[in-house]
$ cat upload36.txt   # compact mmCIF, C-alpha atoms
# COMPACT_ATOMS: atom_id res chain seq x y z
CA MET R 9 -28.98 -28.05 48.17
CA GLY R 10 -30.27 -31.41 49.39
CA GLU R 11 -32.10 -33.99 47.32
CA TYR R 12 -35.37 -33.21 49.02
CA GLN R 13 -35.16 -29.52 48.31
CA SER R 14 -34.19 -30.14 44.75
CA ALA R 15 -37.17 -32.45 44.13
CA ARG R 16 -39.37 -29.90 45.79
CA LEU R 17 -38.01 -27.19 43.54
CA ASP R 18 -38.92 -29.26 40.48
CA GLU R 19 -42.50 -29.24 41.71
CA VAL R 20 -42.32 -25.50 42.21
CA PHE R 21 -41.05 -24.92 38.68
CA ASN R 22 -43.55 -27.28 37.12
CA ALA R 23 -46.29 -25.49 39.00
CA LEU R 24 -45.05 -22.15 37.73
CA CYS R 25 -44.64 -23.03 34.07
CA ASP R 26 -48.28 -22.48 33.32
CA PRO R 27 -49.93 -19.12 32.63
CA THR R 28 -53.16 -19.94 34.51
CA ARG R 29 -51.29 -20.95 37.64
CA ARG R 30 -49.14 -17.84 37.45
CA ALA R 31 -52.30 -15.76 37.08
CA ILE R 32 -53.76 -17.44 40.19
CA LEU R 33 -50.60 -16.57 42.13
CA ALA R 34 -50.72 -13.02 40.83
CA ARG R 35 -54.35 -12.80 42.05
CA LEU R 36 -53.29 -14.06 45.49
CA THR R 37 -50.51 -11.47 45.76
CA ASP R 38 -53.30 -8.88 46.08
CA SER R 39 -55.19 -10.66 48.84
CA ASP R 40 -56.34 -14.05 50.06
CA ALA R 41 -59.34 -15.34 48.14
CA ARG R 42 -61.96 -18.06 48.25
CA VAL R 43 -61.65 -20.86 45.72
CA THR R 44 -64.92 -19.78 44.10
CA GLU R 45 -63.64 -16.22 43.76
CA VAL R 46 -60.47 -17.39 42.08
CA ALA R 47 -62.42 -19.70 39.78
CA SER R 48 -64.82 -16.97 38.69
CA ALA R 49 -61.88 -14.78 37.65
CA PHE R 50 -60.80 -17.24 34.93
CA PRO R 51 -62.64 -18.42 31.85
CA ILE R 52 -62.20 -22.07 32.76
CA SER R 53 -64.29 -24.51 34.75
CA LEU R 54 -64.28 -24.73 38.53
CA ASN R 55 -63.00 -28.25 38.10
CA SER R 56 -59.91 -27.30 36.12
CA THR R 57 -59.27 -24.29 38.36
CA SER R 58 -59.31 -26.74 41.28
CA LYS R 59 -56.70 -28.88 39.56
CA HIS R 60 -54.44 -25.88 39.07
CA ILE R 61 -54.92 -24.90 42.72
CA ARG R 62 -54.05 -28.41 43.88
CA MET R 63 -50.78 -28.29 41.91
CA LEU R 64 -49.94 -24.98 43.53
CA GLU R 65 -50.74 -26.45 46.95
CA ARG R 66 -48.54 -29.48 46.31
CA ALA R 67 -45.68 -27.19 45.36
CA GLY R 68 -46.25 -25.35 48.64
CA LEU R 69 -46.96 -22.06 46.86
CA VAL R 70 -50.57 -21.82 48.01
CA ARG R 71 -52.12 -22.62 51.37
CA ARG R 72 -55.75 -23.48 51.95
CA THR R 73 -57.61 -22.63 55.13
CA ILE R 74 -61.03 -24.18 55.60
CA ALA R 75 -63.51 -22.11 57.61
CA GLY R 76 -66.92 -23.75 57.51
CA ARG R 77 -67.89 -23.88 53.85
CA ASP R 78 -65.27 -21.42 52.76
CA HIS R 79 -61.98 -22.62 51.39
CA VAL R 80 -59.69 -19.62 51.55
CA LEU R 81 -56.46 -19.58 49.57
CA SER R 82 -53.38 -17.63 50.50
CA LEU R 83 -49.99 -17.21 48.93
CA ASN R 84 -46.85 -18.71 50.39
CA ALA R 85 -43.85 -17.13 48.72
CA ALA R 86 -41.17 -18.96 50.68
CA PRO R 87 -40.51 -21.75 48.13
CA LEU R 88 -39.74 -19.09 45.59
CA ALA R 89 -36.89 -17.42 47.43
CA GLU R 90 -35.16 -15.52 44.73
CA ALA R 91 -31.69 -16.88 45.33
CA GLN R 92 -32.98 -20.43 45.07
CA VAL R 93 -34.71 -19.72 41.79
CA TRP R 94 -31.62 -18.04 40.38
CA ILE R 95 -29.36 -20.91 41.41
CA GLU R 96 -31.66 -23.60 40.07
CA GLN R 97 -32.21 -21.77 36.79
CA TYR R 98 -28.49 -21.43 36.12
CA ARG R 99 -27.64 -24.88 37.40
CA ARG R 100 -29.94 -26.31 34.75
CA PHE R 101 -28.63 -23.93 32.14
CA TRP R 102 -24.96 -24.79 32.68
CA GLU R 103 -25.60 -28.54 33.04
CA GLY R 104 -27.33 -28.42 29.68
CA ARG R 105 -24.52 -26.37 28.13
CA LEU R 106 -21.74 -28.66 29.39
CA ALA R 107 -23.62 -31.66 28.02
CA ALA R 108 -23.85 -29.85 24.68
CA LEU R 109 -20.16 -28.93 24.84
CA GLU R 110 -19.32 -32.61 25.27
CA HIS R 111 -21.57 -33.49 22.35
CA TYR R 112 -19.89 -30.79 20.25
CA VAL R 113 -16.28 -31.90 20.87
CA THR R 114 -17.18 -35.58 20.46
CA ASN R 115 -18.85 -34.92 17.11
CA LYS R 116 -16.02 -32.77 15.91
CA ARG R 117 -13.57 -35.51 16.71
CA ARG R 118 -15.67 -38.12 14.92
CA LYS R 119 -15.71 -35.94 11.79
CA ARG R 120 -11.94 -35.63 11.81
CA LYS R 121 -11.47 -39.39 11.78
CA MET H 7 -33.88 -10.14 51.00
CA ASN H 8 -30.82 -10.13 48.96
CA ALA H 9 -27.94 -11.11 51.15
CA ALA H 10 -28.76 -14.63 49.97
CA LEU H 11 -28.79 -13.64 46.35
CA ALA H 12 -25.60 -11.61 46.67
CA SER H 13 -23.73 -14.72 47.74
CA ALA H 14 -25.54 -17.07 45.36
CA ALA H 15 -23.20 -19.18 43.29
CA VAL H 16 -23.78 -22.09 40.98
CA VAL H 17 -21.09 -24.71 40.48
CA VAL H 18 -21.54 -27.27 37.71
CA ARG H 19 -18.93 -29.86 36.72
CA ARG H 20 -18.61 -32.32 33.91
CA THR H 21 -15.76 -34.63 32.98
CA ILE H 22 -15.34 -34.85 29.22
CA ALA H 23 -13.14 -37.09 27.08
CA ALA H 24 -11.24 -34.31 25.34
CA SER H 25 -8.11 -32.25 25.93
CA ALA H 26 -8.25 -29.06 27.98
CA GLU H 27 -7.10 -27.10 24.90
CA GLU H 28 -9.87 -28.47 22.73
CA LEU H 29 -12.50 -27.68 25.34
CA PHE H 30 -11.05 -24.28 26.17
CA ASP H 31 -11.07 -23.24 22.51
CA ALA H 32 -14.74 -24.17 22.14
CA TRP H 33 -15.56 -21.33 24.56
CA LEU H 34 -13.90 -18.66 22.43
CA ASP H 35 -14.78 -19.80 18.92
CA PRO H 36 -17.97 -18.16 17.56
CA GLU H 37 -18.83 -21.17 15.38
CA ALA H 38 -18.43 -23.57 18.28
CA LEU H 39 -20.49 -21.33 20.57
CA ALA H 40 -23.25 -21.14 17.98
CA THR H 41 -23.48 -24.92 18.17
CA TRP H 42 -23.35 -25.66 21.87
CA MET H 43 -24.76 -22.44 23.39
CA ARG H 44 -28.21 -23.39 22.22
CA PRO H 45 -30.57 -24.53 24.98
CA GLY H 46 -33.67 -26.64 24.22
CA THR H 47 -36.12 -24.17 22.72
CA ILE H 48 -33.53 -21.94 21.04
CA ARG H 49 -33.64 -22.19 17.26
CA SER H 50 -30.27 -20.64 16.58
CA THR H 51 -27.45 -18.83 18.31
CA VAL H 52 -25.14 -16.16 16.93
CA ALA H 53 -21.90 -15.42 18.78
CA LYS H 54 -19.49 -12.53 18.39
CA VAL H 55 -16.28 -12.66 20.40
CA GLU H 56 -13.14 -10.59 20.90
CA PRO H 57 -10.97 -13.31 22.42
CA ARG H 58 -8.57 -11.19 24.49
CA GLU H 59 -8.58 -10.00 28.09
CA GLY H 60 -10.74 -6.87 28.18
CA GLY H 61 -12.42 -7.92 24.93
CA SER H 62 -16.17 -8.36 24.84
CA TYR H 63 -18.52 -11.04 23.58
CA GLU H 64 -22.17 -11.19 22.65
CA ILE H 65 -24.17 -14.39 22.38
CA THR H 66 -27.66 -13.97 20.95
CA MET H 67 -30.05 -16.88 21.30
CA PHE H 68 -33.07 -16.76 19.02
CA GLY H 69 -36.05 -18.34 20.74
CA GLN H 70 -39.80 -18.36 20.29
CA ALA H 71 -40.11 -15.25 22.43
CA GLY H 72 -37.52 -13.33 20.37
CA PRO H 73 -33.77 -12.84 20.67
CA ILE H 74 -32.13 -13.18 24.08
CA VAL H 75 -28.82 -11.34 24.29
CA HIS H 76 -26.06 -12.43 26.65
CA LYS H 77 -22.97 -10.28 26.87
CA GLY H 78 -19.91 -9.56 28.87
CA VAL H 79 -16.18 -8.95 28.96
CA TYR H 80 -13.31 -11.44 29.21
CA ARG H 81 -11.47 -10.78 32.45
CA ARG H 82 -8.97 -13.57 32.23
CA ILE H 83 -7.96 -15.84 29.37
CA ASP H 84 -5.43 -18.34 30.65
CA ARG H 85 -5.42 -21.06 27.99
CA PRO H 86 -6.02 -23.93 28.72
CA ARG H 87 -6.54 -23.57 32.46
CA ARG H 88 -9.00 -20.84 33.26
CA LEU H 89 -11.45 -18.53 31.55
CA VAL H 90 -13.18 -15.72 33.46
CA PHE H 91 -15.83 -13.47 31.97
CA THR H 92 -18.72 -11.29 33.06
CA TRP H 93 -22.21 -12.38 32.02
CA ALA H 94 -25.27 -10.15 31.73
CA SER H 95 -28.59 -11.31 30.28
CA PRO H 96 -32.33 -10.94 30.94
CA GLY H 97 -31.85 -13.80 33.44
CA THR H 98 -29.47 -11.62 35.50
CA GLU H 99 -31.71 -8.57 35.04
CA LEU H 100 -28.99 -7.29 32.69
CA ARG H 101 -26.60 -6.90 35.62
CA ASP H 102 -23.07 -8.24 35.40
CA THR H 103 -22.50 -11.62 37.01
CA LEU H 104 -19.23 -13.55 36.90
CA VAL H 105 -18.52 -16.87 35.21
CA THR H 106 -15.28 -18.74 35.89
CA VAL H 107 -14.52 -21.84 33.86
CA ASP H 108 -11.73 -24.12 35.05
CA PHE H 109 -10.29 -26.93 32.96
CA LEU H 110 -8.63 -29.67 34.99
CA PRO H 111 -6.85 -32.50 33.19
CA VAL H 112 -7.69 -35.87 34.76
CA ASP H 113 -5.78 -38.67 33.04
CA ARG H 114 -6.87 -38.30 29.41
CA LEU H 115 -10.05 -36.53 30.35
CA THR H 116 -10.75 -32.98 31.36
CA GLU H 117 -13.01 -31.84 34.12
CA VAL H 118 -14.77 -28.61 33.20
CA ILE H 119 -15.99 -26.63 36.21
CA VAL H 120 -18.31 -23.70 35.70
CA THR H 121 -18.77 -21.33 38.65
CA HIS H 122 -21.40 -18.69 38.05
CA GLU H 123 -21.75 -16.08 40.76
CA GLN H 124 -23.33 -12.78 41.49
CA LEU H 125 -21.06 -9.79 41.83
CA PRO H 126 -21.38 -7.83 45.08
CA GLU H 127 -21.66 -4.56 43.17
CA SER H 128 -24.57 -5.81 41.10
CA ALA H 129 -26.52 -8.02 43.45
CA ARG H 130 -28.68 -5.15 44.61
CA LEU H 131 -32.00 -5.91 43.01
CA SER H 132 -35.07 -3.79 43.06
CA HIS H 133 -37.89 -5.30 45.06
CA SER H 134 -40.55 -2.69 44.78
CA ASN H 135 -42.79 -5.28 43.26
CA GLY H 136 -40.78 -8.42 43.70
CA TRP H 137 -43.49 -10.95 43.16
CA THR H 138 -44.82 -9.61 39.91
CA ARG H 139 -41.33 -9.09 38.55
CA GLY H 140 -40.40 -12.56 39.68
CA LEU H 141 -43.35 -14.02 37.82
CA GLU H 142 -42.35 -12.15 34.67
CA HIS H 143 -38.85 -13.60 34.86
CA LEU H 144 -40.28 -17.05 35.40
CA ASP H 145 -42.44 -16.63 32.35
CA GLN H 146 -39.36 -15.83 30.33
CA ALA H 147 -37.40 -18.71 31.88
CA CYS H 148 -40.27 -21.08 31.10
CA THR H 149 -40.47 -19.99 27.47
CA GLN H 150 -36.70 -20.29 27.17
CA GLY H 151 -37.04 -23.82 28.46
CA LEU H 152 -34.61 -23.10 31.27
CA LEU H 153 -36.94 -24.30 33.95
CA LYS H 154 -38.64 -27.17 32.23
CA ARG H 155 -37.51 -30.65 32.88
CA THR H 156 -35.71 -31.63 29.71
CA PRO H 157 -34.96 -35.26 29.04
CA ARG H 158 -31.21 -35.82 28.89
CA SER H 159 -31.37 -37.09 25.31
CA GLN H 160 -33.08 -33.91 24.21
CA GLN H 161 -30.53 -31.73 25.98
CA ASN H 162 -27.76 -33.52 24.17
CA SER H 163 -29.30 -33.46 20.77
CA ILE H 164 -28.39 -30.01 19.61

$ encode --input "upload36.txt" --output "structure tokens"
Amino acid sequence: MGEYQSARLDEVFNALCDPTRRAILARLTDSDARVTEVASAFPISLNSTSKHIRMLERAGLVRRTIAGRDHVLSLNAAPLAEAQVWIEQYRRFWEGRLAALEHYVTNKRRKRK
Amino acid sequence: MNAALASAAVVVRRTIAASAEELFDAWLDPEALATWMRPGTIRSTVAKVEPREGGSYEITMFGQAGPIVHKGVYRRIDRPRRLVFTWASPGTELRDTLVTVDFLPVDRLTEVIVTHEQLPESARLSHSNGWTRGLEHLDQACTQGLLKRTPRSQQNSI
């Protein structure tokens, strides 16, 4: 996985680690929707809904089509290809564990001295 | 969609200033596992191991969202060169995956190489409602802290 893709994936994960943004994606799995429709479905302001939507757009998970006054949102599932998510999740997990393993053996050695 | 997932493998390496024996043993000792098998948001880990080929292990991580059980069977215990075990957890949809850990001595250091791969017989995932299920898994991964960016210092400080 190249640097670019990996940075992009960070954006995807950051975008996904928020319940409101996940709820917006879940809404868009049903059908495309106007920004105002999405906003009215959540008990938060249009302004903060817009911020969440922009994060999802930056991560490439949501696409916006402008038709006159209507801003229509649609889902783009490609960045979330399951294999990529699985790999990234476990890459982080094992990197963290090996760092902790190093910490563990180093500490143990220090105690022995 | 899952030809890609079936062949998905993660390889992570780290060179550590310790002997291969010392590092190898930390994978099979319940007390050691309880210390280092504890990702960011996990409060405590309890490990039970039967350290023989064919023996099983169970690593339970207690997080905010409740206990997360990881279990499997040791397929190969070749101290201090190679350890192979199956790994099933909510993150693998409880299906067996395969973890191979190689310990390569490099001067006075040891390179630890973890290869985590899907097994062909278990890579068949249900996709009746892939998106929603995917989002549920992500929710769990987020609460476990697996997907959050964790500063290096924090990762090390367990």

$ closest_residue --input "upload36.txt" --among "R:Ala47, R:Leu24, R:Leu69, R:Ala41" --to "chain H" --atoms "only C-alpha atoms"
R:Leu24

$ closest_residue --input "upload36.txt" --among "R:Glu110, R:Asp26, R:Glu45, R:Glu19" --to "Leu88 in chain R" --atoms "only C-alpha atoms"
R:Glu19

$ residues_around --input "upload36.txt" --residues "Val118 in chain H" --least-positions-apart "3" --cutoff "7 Å" --atoms "all atoms listed in the file" --output "count of residues only"
7

$ interface_residues --input "upload36.txt" --of "chain R" --to "chain H" --cutoff "12 Å" --atoms "all atoms listed in the file" --output "number ranges by chain"
R: 9, 15, 17-38, 83-86, 88-118

$ axis_aligned_box --input "upload36.txt" --around "range 104-110 of chain R" --padding-each-side "6 Å" --output "AutoDock Vina command-line options"
--center_x -23.3 --center_y -29.5 --center_z 27.2 --size_x 20.0 --size_y 18.2 --size_z 17.0

$ residues_around --input "upload36.txt" --residues "Lys54 in chain H" --least-positions-apart "3" --cutoff "7 Å" --atoms "only C-alpha atoms" --output "PyMOL selection string"
chain H and resi 36+63-65

$ write_last_selection --input "upload36.txt" --atoms "C-alpha atoms" --output "PDB file, keeping the file's coordinate frame"
ATOM      1  CA  PRO H  36     -17.970 -18.160  17.560  1.00  0.00           C
ATOM      2  CA  TYR H  63     -18.520 -11.040  23.580  1.00  0.00           C
ATOM      3  CA  GLU H  64     -22.170 -11.190  22.650  1.00  0.00           C
ATOM      4  CA  ILE H  65     -24.170 -14.390  22.380  1.00  0.00           C
TER       5      ILE H  65
END

$ atom_distance --input "upload36.txt" --atom1 "CA of Arg81 in chain H" --atom2 "CA of Pro111 in chain H"
22.2 Å

$ atom_distance --input "upload36.txt" --atom1 "CA of Gln70 in chain H" --atom2 "CA of Ala49 in chain R"
28.3 Å

$ atom_distance --input "upload36.txt" --atom1 "CA of Ile74 in chain H" --atom2 "CA of Leu89 in chain H"
22.6 Å

$ residues_around --input "upload36.txt" --residues "Ser62 in chain H" --least-positions-apart "3" --cutoff "8 Å" --atoms "all atoms listed in the file" --output "list in words"
Val55, Glu56, Pro57, Lys77, Gly78, Val79 and Tyr80 of chain H

$ residues_around --input "upload36.txt" --residues "Asp40 in chain R" --least-positions-apart "6" --cutoff "8 Å" --atoms "all atoms listed in the file" --output "PyMOL selection string"
chain R and resi 80-83

$ write_last_selection --input "upload36.txt" --atoms "C-alpha atoms" --output "compact mmCIF listing (two decimals), in the coordinates of the input"
# COMPACT_ATOMS: atom_id res chain seq x y z
CA VAL R 80 -59.69 -19.62 51.55
CA LEU R 81 -56.46 -19.58 49.57
CA SER R 82 -53.38 -17.63 50.50
CA LEU R 83 -49.99 -17.21 48.93

$ residues_around --input "upload36.txt" --residues "Ser50 in chain H" --least-positions-apart "3" --cutoff "8 Å" --atoms "only C-alpha atoms" --output "list in words"
Ala40, Arg44, Met67, Phe68 and Gly69 of chain H

$ write_last_selection --input "upload36.txt" --atoms "C-alpha atoms" --output "PDB file, in the coordinates of the input"
ATOM      1  CA  ALA H  40     -23.250 -21.140  17.980  1.00  0.00           C
ATOM      2  CA  ARG H  44     -28.210 -23.390  22.220  1.00  0.00           C
ATOM      3  CA  MET H  67     -30.050 -16.880  21.300  1.00  0.00           C
ATOM      4  CA  PHE H  68     -33.070 -16.760  19.020  1.00  0.00           C
ATOM      5  CA  GLY H  69     -36.050 -18.340  20.740  1.00  0.00           C
TER       6      GLY H  69
END

$ closest_residue --input "upload36.txt" --among "H:Ala71, H:Glu99, H:Glu37, H:Glu117" --to "Pro86 in chain H" --atoms "all atoms listed in the file"
H:Glu117
